[in-house]
file model-v3.csv (CSV, C-alpha atoms)
chain,number,residue,atom,x,y,z
X,1,MET,CA,-27.7,11.2,75.3
X,2,ILE,CA,-25.7,11.3,72.1
X,3,PHE,CA,-25.5,7.5,72.0
X,4,SER,CA,-29.3,7.2,72.5
X,5,LEU,CA,-29.9,9.7,69.7
X,6,VAL,CA,-27.5,7.9,67.3
X,7,VAL,CA,-29.1,4.5,68.0
X,8,THR,CA,-32.7,5.7,67.6
X,9,ARG,CA,-31.8,7.5,64.4
X,10,TRP,CA,-30.0,4.4,63.0
X,11,LEU,CA,-32.9,2.1,63.9
X,12,HIS,CA,-35.4,4.5,62.4
X,13,TRP,CA,-33.6,5.1,59.1
X,14,THR,CA,-32.9,1.4,58.7
X,15,ALA,CA,-36.6,0.5,59.4
X,16,CYS,CA,-37.9,3.1,57.0
X,17,ILE,CA,-35.5,2.1,54.2
X,18,LEU,CA,-36.4,-1.6,54.6
X,19,LEU,CA,-40.1,-0.9,54.8
X,20,THR,CA,-40.0,0.8,51.4
X,21,SER,CA,-37.6,-1.7,50.0
X,22,SER,CA,-39.9,-4.6,50.8
X,23,GLN,CA,-42.8,-3.0,48.8
X,24,LEU,CA,-40.5,-2.4,45.8
X,25,PHE,CA,-39.0,-5.9,46.0
X,26,ARG,CA,-42.5,-7.5,45.6
X,27,VAL,CA,-43.2,-5.6,42.4
X,28,TYR,CA,-39.8,-5.7,40.7
X,29,LEU,CA,-38.0,-8.9,41.7
X,30,LEU,CA,-40.6,-11.5,42.8
X,31,PRO,CA,-42.2,-13.4,39.9
X,32,GLN,CA,-45.9,-12.7,39.4
X,33,LYS,CA,-48.2,-15.6,40.2
X,34,GLN,CA,-49.5,-16.0,36.6
X,35,VAL,CA,-46.1,-16.4,35.1
X,36,THR,CA,-44.5,-18.5,37.8
X,37,GLU,CA,-43.1,-21.7,36.5
X,38,GLY,CA,-43.6,-25.0,38.4
X,39,GLN,CA,-45.6,-25.9,41.5
X,40,ASN,CA,-42.6,-25.8,43.7
X,41,VAL,CA,-41.9,-22.2,42.8
X,42,GLN,CA,-45.5,-21.3,43.4
X,43,LEU,CA,-45.4,-22.8,46.9
X,44,TRP,CA,-42.0,-21.1,47.5
X,45,ARG,CA,-43.5,-17.8,46.4
X,46,GLU,CA,-46.5,-18.0,48.8
X,47,ALA,CA,-44.1,-19.0,51.7
X,48,PHE,CA,-41.8,-16.1,50.8
X,49,LEU,CA,-44.6,-13.6,50.7
X,50,SER,CA,-45.7,-14.7,54.1
X,51,ARG,CA,-42.2,-14.1,55.4
X,52,LEU,CA,-42.2,-10.6,53.8
X,53,ARG,CA,-45.5,-9.8,55.5
X,54,ARG,CA,-44.1,-10.7,58.9
X,55,PHE,CA,-41.0,-8.6,58.1
X,56,ASP,CA,-43.2,-5.6,57.1
X,57,HIS,CA,-45.1,-5.7,60.4
X,58,ALA,CA,-41.8,-5.9,62.4
X,59,ALA,CA,-40.2,-3.1,60.4
X,60,TRP,CA,-43.4,-0.9,60.8
X,61,VAL,CA,-43.3,-1.4,64.6
X,62,VAL,CA,-39.6,-0.5,64.7
X,63,ALA,CA,-40.1,2.6,62.5
X,64,LEU,CA,-43.0,3.8,64.7
X,65,LEU,CA,-41.4,3.2,68.0
X,66,SER,CA,-38.0,4.6,66.9
X,67,LEU,CA,-39.7,7.7,65.6
X,68,CYS,CA,-41.3,8.3,69.0
X,69,ALA,CA,-38.0,7.6,70.7
X,70,TRP,CA,-36.1,9.9,68.4
X,71,PHE,CA,-38.5,12.8,69.2
X,72,ALA,CA,-38.4,12.0,72.9
X,73,VAL,CA,-34.6,11.9,73.1
X,74,THR,CA,-34.4,15.2,71.1
X,75,ALA,CA,-37.0,16.9,73.2
X,76,TRP,CA,-35.3,15.8,76.4
X,77,ASN,CA,-32.0,17.2,75.0
X,78,MET,CA,-33.7,20.5,74.2
X,79,ILE,CA,-35.4,20.7,77.6
X,80,GLY,CA,-32.3,19.7,79.5
X,81,PRO,CA,-31.8,16.8,81.9
X,82,ASP,CA,-32.1,19.1,85.0
X,83,GLU,CA,-35.5,20.3,84.0
X,84,SER,CA,-38.7,18.4,85.0
X,85,LEU,CA,-40.7,17.0,82.1
X,86,ASP,CA,-43.6,19.3,81.3
X,87,ILE,CA,-46.4,18.4,78.9
X,88,SER,CA,-46.6,22.1,77.8
X,89,LEU,CA,-42.9,22.2,76.9
X,90,ILE,CA,-43.2,18.9,74.9
X,91,SER,CA,-46.3,20.1,73.1
X,92,THR,CA,-44.4,23.3,72.2
X,93,ILE,CA,-41.5,21.4,70.8
X,94,ALA,CA,-43.9,19.2,68.8
X,95,VAL,CA,-45.8,22.1,67.3
X,96,GLN,CA,-43.2,24.9,67.0
X,97,THR,CA,-40.1,23.0,65.8
X,98,GLN,CA,-39.4,21.5,62.4
X,99,LEU,CA,-38.6,18.1,63.9
X,100,GLY,CA,-41.9,18.1,65.9
X,101,ARG,CA,-44.1,19.1,63.0
X,102,VAL,CA,-42.5,16.6,60.6
X,103,SER,CA,-42.6,13.9,63.2
X,104,ILE,CA,-46.3,14.4,63.7
X,105,ALA,CA,-47.0,14.3,60.0
X,106,ARG,CA,-44.8,11.1,59.6
X,107,LEU,CA,-46.5,9.5,62.5
X,108,VAL,CA,-49.9,9.9,60.7
X,109,ILE,CA,-48.4,8.6,57.5
X,110,LEU,CA,-46.9,5.6,59.3
X,111,ALA,CA,-50.3,4.9,61.0
X,112,LEU,CA,-52.0,4.9,57.6
X,113,ALA,CA,-49.3,2.7,56.1
X,114,GLY,CA,-49.8,0.3,59.0
X,115,LEU,CA,-53.5,0.2,58.3
X,116,CYS,CA,-52.8,-0.7,54.6
X,117,LEU,CA,-50.4,-3.4,55.7
X,118,PHE,CA,-53.1,-4.8,58.0
X,119,VAL,CA,-55.7,-4.8,55.3
X,120,LEU,CA,-53.2,-6.6,52.9
X,121,GLY,CA,-52.7,-9.3,55.5
X,122,ARG,CA,-56.5,-9.9,55.8
X,123,SER,CA,-57.7,-9.2,52.2
X,124,THR,CA,-58.6,-12.0,49.9
X,125,SER,CA,-59.8,-9.7,47.0
X,126,THR,CA,-57.2,-9.2,44.3
X,127,LYS,CA,-58.5,-5.7,43.4
X,128,LYS,CA,-58.6,-4.6,47.0
X,129,GLY,CA,-55.2,-6.0,47.7
X,130,ARG,CA,-53.7,-4.2,44.7
X,131,VAL,CA,-55.2,-0.9,45.9
X,132,SER,CA,-53.9,-1.4,49.4
X,133,ARG,CA,-50.4,-2.4,48.1
X,134,LEU,CA,-50.1,0.7,46.0
X,135,ALA,CA,-51.3,2.9,48.9
X,136,ALA,CA,-48.9,1.2,51.3
X,137,MET,CA,-46.0,1.7,48.8
X,138,GLY,CA,-46.8,5.3,48.3
X,139,LEU,CA,-47.1,6.0,52.1
X,140,VAL,CA,-43.9,4.3,53.1
X,141,ALA,CA,-42.0,6.0,50.3
X,142,LEU,CA,-43.4,9.4,51.3
X,143,ASN,CA,-42.5,8.6,54.9
X,144,LEU,CA,-38.9,7.8,53.8
X,145,VAL,CA,-38.3,10.9,51.6
X,146,MET,CA,-39.7,13.2,54.3
X,147,LEU,CA,-36.6,12.4,56.4
X,148,ALA,CA,-35.0,15.1,54.1
X,149,LEU,CA,-37.1,17.7,56.0
X,150,VAL,CA,-35.3,17.0,59.3
X,151,GLY,CA,-31.7,16.9,57.9
X,152,HIS,CA,-29.0,19.5,57.4
X,153,VAL,CA,-30.3,20.4,54.0
X,154,ALA,CA,-33.7,21.5,55.4
X,155,ALA,CA,-31.9,23.8,57.9
X,156,ARG,CA,-29.9,25.5,55.1
X,157,THR,CA,-31.3,28.9,54.1
X,158,SER,CA,-30.3,29.6,50.5
X,159,PRO,CA,-32.0,30.2,47.1
X,160,ALA,CA,-31.1,26.6,46.3
X,161,GLY,CA,-32.7,25.2,49.4
X,162,GLY,CA,-35.8,23.8,47.6
X,163,LEU,CA,-33.6,22.1,44.9
X,164,LEU,CA,-31.3,20.6,47.6
X,165,LEU,CA,-34.4,19.2,49.4
X,166,ALA,CA,-35.5,17.5,46.2
X,167,VAL,CA,-32.0,16.1,45.6
X,168,ASP,CA,-31.9,14.8,49.2
X,169,ALA,CA,-35.3,13.2,48.8
X,170,ILE,CA,-34.2,11.4,45.6
X,171,HIS,CA,-31.0,10.3,47.5
X,172,LEU,CA,-33.2,8.8,50.2
X,173,GLY,CA,-35.6,7.1,47.8
X,174,ALA,CA,-32.7,5.6,45.9
X,175,ALA,CA,-31.3,4.1,49.1
X,176,SER,CA,-34.5,1.9,49.3
X,177,VAL,CA,-33.4,0.1,46.1
X,178,TRP,CA,-29.7,-0.2,47.0
X,179,PRO,CA,-28.6,-1.0,49.7
X,180,GLY,CA,-32.1,-1.5,51.1
X,181,GLY,CA,-33.0,-4.1,48.5
X,182,LEU,CA,-30.0,-6.2,49.5
X,183,VAL,CA,-31.8,-7.6,52.5
X,184,PHE,CA,-34.6,-9.2,50.4
X,185,PHE,CA,-32.3,-10.2,47.6
X,186,ALA,CA,-30.2,-12.1,50.3
X,187,LEU,CA,-33.4,-13.8,51.6
X,188,LEU,CA,-34.2,-14.9,48.0
X,189,LEU,CA,-30.8,-16.3,47.5
X,190,ARG,CA,-30.9,-18.0,50.9
X,191,SER,CA,-34.1,-19.7,49.9
X,192,THR,CA,-32.6,-21.0,46.7
X,193,ILE,CA,-29.7,-22.5,48.6
X,194,ALA,CA,-32.0,-24.1,51.2
X,195,SER,CA,-34.3,-25.6,48.6
X,196,PRO,CA,-32.5,-25.9,45.3
X,197,SER,CA,-34.5,-26.8,42.2
X,198,SER,CA,-34.3,-25.9,38.5
X,199,GLY,CA,-37.3,-23.5,39.0
X,200,LEU,CA,-35.7,-21.6,41.9
X,201,ARG,CA,-32.3,-21.5,40.3
X,202,ALA,CA,-34.0,-19.9,37.2
X,203,LEU,CA,-35.8,-17.5,39.5
X,204,ALA,CA,-32.6,-16.5,41.2
X,205,ALA,CA,-30.9,-15.9,37.9
X,206,ARG,CA,-33.7,-13.6,36.8
X,207,ALA,CA,-33.7,-11.8,40.1
X,208,THR,CA,-29.9,-11.4,39.9
X,209,ARG,CA,-30.1,-9.8,36.4
X,210,ARG,CA,-32.8,-7.4,37.5
X,211,PHE,CA,-31.2,-6.5,40.8
X,212,SER,CA,-27.8,-5.9,39.1
X,213,ALA,CA,-29.4,-3.6,36.6
X,214,SER,CA,-31.4,-1.6,39.2
X,215,SER,CA,-28.4,-1.4,41.5
X,216,LEU,CA,-26.1,-0.1,38.7
X,217,VAL,CA,-28.6,2.7,38.0
X,218,THR,CA,-29.1,3.4,41.7
X,219,VAL,CA,-25.4,3.7,42.5
X,220,ALA,CA,-25.2,6.3,39.8
X,221,ILE,CA,-28.1,8.2,41.2
X,222,LEU,CA,-26.7,8.0,44.8
X,223,SER,CA,-23.3,9.2,43.6
X,224,ILE,CA,-24.7,12.2,41.7
X,225,THR,CA,-27.1,13.3,44.5
X,226,GLY,CA,-24.6,12.6,47.2
X,227,LEU,CA,-21.9,14.7,45.5
X,228,THR,CA,-24.4,17.5,44.9
X,229,ILE,CA,-25.4,17.7,48.5
X,230,SER,CA,-21.7,17.4,49.7
X,231,LEU,CA,-20.6,20.3,47.5
X,232,PHE,CA,-23.0,22.6,49.4
X,233,PHE,CA,-21.5,21.7,52.8
X,234,ILE,CA,-17.8,21.1,51.9
X,235,HIS,CA,-16.4,24.3,50.6
X,236,ASP,CA,-12.7,23.3,50.8
X,237,VAL,CA,-11.1,20.0,50.2
X,238,SER,CA,-9.3,20.3,53.5
X,239,ASP,CA,-12.6,20.2,55.3
X,240,LEU,CA,-12.7,16.4,54.5
X,241,TRP,CA,-10.0,15.8,57.0
X,242,LYS,CA,-9.9,18.9,59.2
X,243,THR,CA,-13.5,18.8,60.4
X,244,THR,CA,-15.5,16.0,62.1
X,245,TYR,CA,-18.2,16.3,59.5
X,246,GLY,CA,-15.7,15.9,56.7
X,247,GLN,CA,-14.0,12.9,58.3
X,248,LEU,CA,-17.4,11.2,58.7
X,249,LEU,CA,-18.3,11.9,55.1
X,250,SER,CA,-15.0,10.6,53.9
X,251,ALA,CA,-15.5,7.4,56.0
X,252,LYS,CA,-19.0,7.0,54.4
X,253,VAL,CA,-17.5,7.4,50.9
X,254,LEU,CA,-14.9,4.7,51.6
X,255,VAL,CA,-17.4,2.3,53.0
X,256,VAL,CA,-19.7,2.8,50.0
X,257,CYS,CA,-16.7,2.2,47.7
X,258,GLY,CA,-16.2,-1.1,49.5
X,259,MET,CA,-19.9,-2.0,48.8
X,260,ILE,CA,-19.4,-1.0,45.2
X,261,ALA,CA,-16.4,-3.3,44.9
X,262,PHE,CA,-18.5,-6.3,46.1
X,263,GLY,CA,-21.3,-5.2,43.8
X,264,ALA,CA,-18.9,-5.0,40.8
X,265,GLN,CA,-17.8,-8.6,41.4
X,266,ASN,CA,-21.4,-9.7,41.6
X,267,LEU,CA,-22.2,-7.9,38.3
X,268,LEU,CA,-19.2,-8.8,36.3
X,269,ILE,CA,-18.4,-12.4,37.5
X,270,LEU,CA,-21.0,-14.0,39.8
X,271,LYS,CA,-24.1,-13.0,37.8
X,272,HIS,CA,-22.9,-14.9,34.8
X,273,ARG,CA,-22.0,-17.9,36.9
X,274,VAL,CA,-25.5,-17.9,38.4
X,275,GLU,CA,-27.0,-17.8,34.9
X,276,LEU,CA,-24.8,-20.7,33.8
X,277,GLU,CA,-25.9,-22.8,36.8
X,278,ALA,CA,-29.6,-22.1,36.0
X,279,ARG,CA,-29.2,-23.3,32.4
X,280,ARG,CA,-27.4,-26.5,33.2
X,281,GLU,CA,-29.5,-29.7,33.0
X,282,ASN,CA,-29.6,-32.3,35.7
X,283,ALA,CA,-27.9,-30.0,38.2
X,284,SER,CA,-30.7,-29.1,40.6
X,285,GLN,CA,-28.5,-29.4,43.7
X,286,GLU,CA,-25.7,-27.2,42.3
X,287,THR,CA,-25.7,-23.8,44.0
X,288,GLY,CA,-22.0,-22.9,44.2
X,289,ALA,CA,-22.4,-19.6,42.4
X,290,VAL,CA,-25.5,-18.7,44.3
X,291,ARG,CA,-23.7,-19.4,47.6
X,292,ALA,CA,-20.8,-17.1,46.5
X,293,LEU,CA,-23.2,-14.4,45.5
X,294,PHE,CA,-25.0,-14.8,48.8
X,295,ARG,CA,-21.8,-14.3,50.8
X,296,ASN,CA,-20.9,-11.2,48.8
X,297,VAL,CA,-24.4,-9.8,49.5
X,298,LEU,CA,-24.0,-10.4,53.2
X,299,TRP,CA,-20.7,-8.4,53.1
X,300,GLU,CA,-22.6,-5.6,51.2
X,301,LEU,CA,-25.3,-5.7,53.9
X,302,ALA,CA,-22.8,-5.4,56.7
X,303,LEU,CA,-21.1,-2.4,55.0
X,304,GLY,CA,-24.5,-0.9,54.3
X,305,GLY,CA,-25.4,-1.0,58.0
X,306,GLY,CA,-22.2,0.8,58.6
X,307,VAL,CA,-23.1,3.5,56.1
X,308,ILE,CA,-26.5,4.1,57.8
X,309,LEU,CA,-24.8,4.3,61.1
X,310,ILE,CA,-22.4,7.0,59.8
X,311,VAL,CA,-25.4,8.8,58.3
X,312,ALA,CA,-27.0,8.7,61.8
X,313,VAL,CA,-23.9,10.4,63.3
X,314,LEU,CA,-23.7,12.9,60.4
X,315,GLY,CA,-27.2,14.1,61.1
X,316,ILE,CA,-26.2,15.3,64.6
X,317,THR,CA,-22.8,16.7,63.5
X,318,GLY,CA,-22.7,20.2,62.2
X,319,PRO,CA,-21.3,20.7,58.7
X,320,PRO,CA,-18.4,23.2,58.2
X,321,HIS,CA,-19.5,26.7,57.4
X,322,HIS,CA,-23.0,25.9,58.5
call {"tool": "encode", "arguments": {"input": "model-v3.csv", "output": "structure tokens"}}
result
Amino acid sequence: MIFSLVVTRWLHWTACILLTSSQLFRVYLLPQKQVTEGQNVQLWREAFLSRLRRFDHAAWVVALLSLCAWFAVTAWNMIGPDESLDISLISTIAVQTQLGRVSIARLVILALAGLCLFVLGRSTSTKKGRVSRLAAMGLVALNLVMLALVGHVAARTSPAGGLLLAVDAIHLGAASVWPGGLVFFALLLRSTIASPSSGLRALAARATRRFSASSLVTVAILSITGLTISLFFIHDVSDLWKTTYGQLLSAKVLVVCGMIAFGAQNLLILKHRVELEARRENASQETGAVRALFRNVLWELALGGGVILIVAVLGITGPPHH
């Protein structure tokens, strides 16, 4: 039962973060069509967007199914394995519990987001596509930050409860930039390695600059919001090693520090090498720096998956003094 709950939560959180990251990536890191340089980059852009659309549909399906599975496993745990499934009991859990009400609201939001994504895949109108894109971005972001309503922060009754919820929502939103954006940044770098050209190397250099800048700001936001939330649950330093919650939180911090170490190497060393490669003439096949950056991003991604797994376990682990 615990294993099923952890897996469904991990899948759901991952899918929701990536669904939001995908929308942000299009706006912030992909070159706009009117400023794209070279026909090969234009063709690459269209192919890359097609891959992102397929990714969106897959992430949406996983988010929807994992939300239903999360609620089902939780309801079964509340009812008890020895009790027979009763529609009235399930409806009571859905309507009278915080998880149930939030799950219903998020189910509606995900359905609307899926409709927007479907329209985007069929639309040929620029204006209609822009409206659908903004609507999809807003809906998936709302769906992500509403996860704060089913966490430990939402269960805390204190005068600072509303403030903590806002901080937790900001923490969740920031996760869609980093580490969430690492997936799409890695896909962009992989495309550059697979089809090297001066245009794509220049594009990778611009994307690296932008992603490095956004990641730096996001890490600061995640650190501040994460520390703020932790201070409300960890009242004593010894809780970090004496309690299960504290041990998991310490493990999360250590893994994040490992991610930051890779990110620091990307920012301080590899970013400049990628820019130098992009400026070199007659070196269209040279992608050594991009390959090194790609390997580091894959390590960051692996650690990021570990962080989300720890978060999934933290969500079902009672904090000390809670």
call {"tool": "closest_residue", "arguments": {"input": "model-v3.csv", "among": "X:Leu120, X:Met78, X:Leu203, X:Val140", "to": "Gly100 of chain X", "atoms": "only C-alpha atoms"}}
result
X:Met78
call {"tool": "atom_distance", "arguments": {"input": "model-v3.csv", "atom1": "atom CA of Ala169 of chain X", "atom2": "atom CA of Leu314 of chain X"}}
result
16.4 Å
call {"tool": "residues_around", "arguments": {"input": "model-v3.csv", "residues": "Arg279 of chain X", "least_positions_apart": "5", "cutoff": "12 Å", "atoms": "only C-alpha atoms", "output": "VMD selection string"}}
result
chain X and resid 197 to 206 272 to 274 284 286
call {"tool": "closest_atom_pairs", "arguments": {"input": "model-v3.csv", "of": "segment 169-284 of chain X", "to": "segment 297-303 of chain X", "cutoff": "9 Å", "atoms": "all atoms listed in the file", "output": "tab-separated table"}}
result
residue	atom	partner	partner_atom	distance
X:Pro179	CA	X:Leu301	CA	7.1
X:Gly180	CA	X:Leu301	CA	8.5
X:Leu182	CA	X:Leu301	CA	6.5
X:Val183	CA	X:Leu301	CA	6.9
X:Phe185	CA	X:Val297	CA	8.1
X:Ala186	CA	X:Val297	CA	6.3
X:Val255	CA	X:Leu303	CA	6.3
X:Val256	CA	X:Leu303	CA	7.3
X:Gly258	CA	X:Leu303	CA	7.5
X:Met259	CA	X:Glu300	CA	5.1
X:Ile260	CA	X:Glu300	CA	8.2
X:Phe262	CA	X:Glu300	CA	6.6
X:Gly263	CA	X:Glu300	CA	7.5
X:Asn266	CA	X:Val297	CA	8.5
call {"tool": "atom_distance", "arguments": {"input": "model-v3.csv", "atom1": "atom CA of Ala174 of chain X", "atom2": "atom CA of Val102 of chain X"}}
result
20.8 Å
